[in-house]
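Data block below; observations after.
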Amino acid sequence: MSLTNLEQPLCDGAGATKRDLVDYLDAVHDRILPVLRDRPLSVIRVVRGQAPFMQKNVPKYTPTWVQTVPLWAESSKREVSYALCNDRRTLLWFANQRAVEYHPTLFRADRWDSPTHLVLDLDPPSAGAFSLAVRAAQLVRQVLTDAGMAGAVKTSGAKGLHVFAPLQAPVAIDDVAAATRAVAARAQRLDPGLATTEFLREDRAGKVFLDSTRAGGGTVVAAYSPRVRPGAPVSFPLAWEDLDRVAPAEFTLHTVAGFIGDSDPWADHMPRPTLLNPDLIEEGRAIPAARAQALHEGRRRTRDEDAER
């Protein structure tokens, strides 16, 4: 496989070239590949002259040695052929396609009905409010601890944090989705002035949004994945005790390989899988899914506005 156009700029504001992307992914390939292995993969590509776009279905010119898996996409009502990024050659092929971001599913291809992690995406109200996300992450950690569970944390590569709690298999998608909603609700109750589960941005009142919608067919950017953002940040694993000592901007395509050396902090910090707490499942079943609730509320507000005109 030949690599092409390596000196081209990667994307606006990244301060990096395609060569920088290839070199970085090659340097961390033995850390990121375990995160991607056997998981249907979506990528965000940055092709010159086009806006960044998410690619799920592999293109027709994909080499035959790239493993793929067909999955039904309910949103588009069609079968999608997803790549499985299981080896260094496939990863570098994606880099040569200018795939900057790597978004695997929360399930493996052979167990699409059993998520491997419960995930909370913590979204602070602004880029300068990372400290609020840190406080919210500690709330989530407390809820998990109280439920006999444990999680690892990483920067999102944007302004927030992701908390991953590994689960003992098998576990049903609906149960994970319900438990995730319950974790978010309990964390909000611990500090309602800091955290919120309100899906509509205008209802968050400057609080950290506890996004519980990643279960099921959702994806989350992988640990060690770069992001299509100014400065080429990377989603980076952190120790819980280090959250107060870092800034997300420290972890970039240029710096991460030097930070980790021969270590693998995501694997090192990830606790052993635990049973999904049944009380969380029961509580979460009574909580409406955030997207559905927001859609209903949005329609209600539209009707009210129309009635007032």
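In the structure tokens, each chain is lettered A, B, ... as it comes, each chain's residues begin at 1, and ligands are numbered from 1 in order of appearance.
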Review point. If you count only C-alpha atoms, which residues fall within 12 Å of stretch 251-265 of chain A, apart from same-chain ones fewer than 3 positions away, as a count of residues only?
Key: 57
Practice item. Please provide as a list of chain:residue names all residues within 10 Å of A:Ala169, with the sequence filter that same-chain residues fewer than 5 positions apart are discarded (counting only C-alpha atoms). Key: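 In the requested form, the answer reads A:Arg111, A:Ser114, A:Pro115, A:Thr116, A:His117, A:Pro273, A:Thr274, A:Leu275, A:Leu276.
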Could you write out that same residue set with C-alpha atoms as a compact mmCIF listing (two decimals), in the first residue's frame?
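Resulting contents of again-v7.txt:
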# COMPACT_ATOMS: atom_id res chain seq x y z
CA ARG A 111 -22.44 -9.74 19.59
CA SER A 114 -24.73 -6.98 23.85
CA PRO A 115 -22.94 -3.67 24.52
CA THR A 116 -19.58 -4.02 26.24
CA HIS A 117 -19.69 -0.70 28.12
CA PRO A 273 -16.07 -5.67 33.84
CA THR A 274 -18.83 -5.66 36.44
CA LEU A 275 -22.44 -6.79 36.51
CA LEU A 276 -24.98 -4.21 35.43
Exercise for review: Write out as a list in words which residues come within 12 Å of stretch 285-288 of chain A when counting only C-alpha atoms, dropping same-chain ones fewer than 6 positions away.
Suggested key: Asp174, Asp175, Val176, Ala177, Ala178, Ala179, Thr180, Arg181, Ala182, Val183, Ala184, Ala185, Arg186, Thr197, Glu198, Phe199, Ser212, Thr213, Pro278, Asp279, Ala294, Leu295, His296 and Glu297 of chain A
Check your understanding: Using the chain letters and numbers from this document, which residues of stretch 106-252 of chain A does DSSP assign to strand (DSSP E), as a list in words?
Key ->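 So, restricting stretch 106-252 of chain A to strand (DSSP E), we get His117, Leu118, Val119, Leu120, Asp121, Leu122, Asp123, Ala152, Val153, Lys154, Thr155, Leu161, His162, Val163, Phe164, Ala165, Pro166, Ala195, Thr196, Val208, Phe209, Leu210, Asp211, Pro237 and Leu238 of chain A.
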Taking a cut-off of 12 Å and counting only C-alpha atoms, can you build a table that, for each residue of stretch 141-259 of chain A near stretch 64-78 of chain A, reports the nearest atom pair and how far apart they are in Å (one decimal), sorted by chain then residue number, as JSON lines?
{"residue": "A:Gly216", "atom": "CA", "partner": "A:Glu74", "partner_atom": "CA", "distance": 11.8}
{"residue": "A:Gly217", "atom": "CA", "partner": "A:Ala73", "partner_atom": "CA", "distance": 8.9}
{"residue": "A:Gly218", "atom": "CA", "partner": "A:Ala73", "partner_atom": "CA", "distance": 11.4}
Output for the residues just chosen: N, CA and C atoms as a compact mmCIF listing (two decimals), in the first residue's frame:
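Result went into part-v2.txt, see below:
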# COMPACT_ATOMS: atom_id res chain seq x y z
N GLY A 216 -27.01 1.13 22.65
CA GLY A 216 -27.63 0.64 21.43
C GLY A 216 -26.71 0.82 20.23
N GLY A 217 -27.21 1.47 19.20
CA GLY A 217 -26.42 1.62 17.98
C GLY A 217 -25.53 2.83 17.96
N GLY A 218 -25.44 3.56 19.07
CA GLY A 218 -24.60 4.75 19.11
C GLY A 218 -23.12 4.42 19.06
Exercise for review: Report the residues of stretch 173-247 of chain A whose backbone DSSP state falls under helix (DSSP H, G or I), written as a VMD selection string.
Suggested key: chain A and resid 173 to 190 201 to 203 240 to 245
Exercise for review: Could you tell me which of A:Phe94, A:Arg189, A:Ala267, A:Ala127 comes closest to A:Pro59 if we count only C-alpha atoms?
Suggested key: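 The answer is A:Phe94, which sits nearest to A:Pro59.
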Point to revise | Two-atom distance - atom CA of A:Ser42, atom CA of A:Val119 (Å) | key: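 Atom CA of A:Ser42 sits 17.6 Å away from atom CA of A:Val119.
Here atom CA of A:Gly13 and atom CA of A:Leu91 stand 23.5 Å from one another.
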Practice item. Counting only C-alpha atoms, figure out which residue out of A:Gly160, A:Gly148, A:Pro170, A:Pro52 gets nearest to A:Asp123. Key: A:Gly160
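Nearest residue to A:Ala133, choosing from A:Thr196, A:Thr145, A:Ser81, A:Gln168 and counting only C-alpha atoms: A:Thr196.
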Practice item. Considering only C-alpha atoms, state which residue in the set A:Gly193, A:Thr4, A:Trp93, A:Thr219 is at the smallest distance from A:Lys56. Key: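 Closest candidate: A:Thr219.
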Check your understanding: Contacts of A:Asn86 at 7 Å or less, counting only C-alpha atoms, minus same-chain residues fewer than 6 places along, as a list in words?
Key ->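 Within the cut-off, the hits are Leu33, Leu36, Arg37 and Asp38 of chain A.
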Could the residues in this selection be saved with C-alpha atoms as an mmCIF file, in the first residue's frame?
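As written to disk, again19.cif reads:
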data_model
loop_
_atom_site.group_PDB
_atom_site.id
_atom_site.type_symbol
_atom_site.label_atom_id
_atom_site.label_comp_id
_atom_site.auth_asym_id
_atom_site.auth_seq_id
_atom_site.Cartn_x
_atom_site.Cartn_y
_atom_site.Cartn_z
ATOM 1 C CA LEU A 33 -6.383 -1.171 17.555
ATOM 2 C CA LEU A 36 -11.387 -0.680 17.449
ATOM 3 C CA ARG A 37 -10.984 -4.438 16.967
ATOM 4 C CA ASP A 38 -14.106 -6.308 15.791
#
Check your understanding: Out of A:Asp211, A:Asp113, A:Glu79, A:Asp191, which residue has the shortest atom-to-atom distance to A:Ala172 when counting only C-alpha atoms?
Key ->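 Of all the options, A:Asp113 lies closest to A:Ala172.
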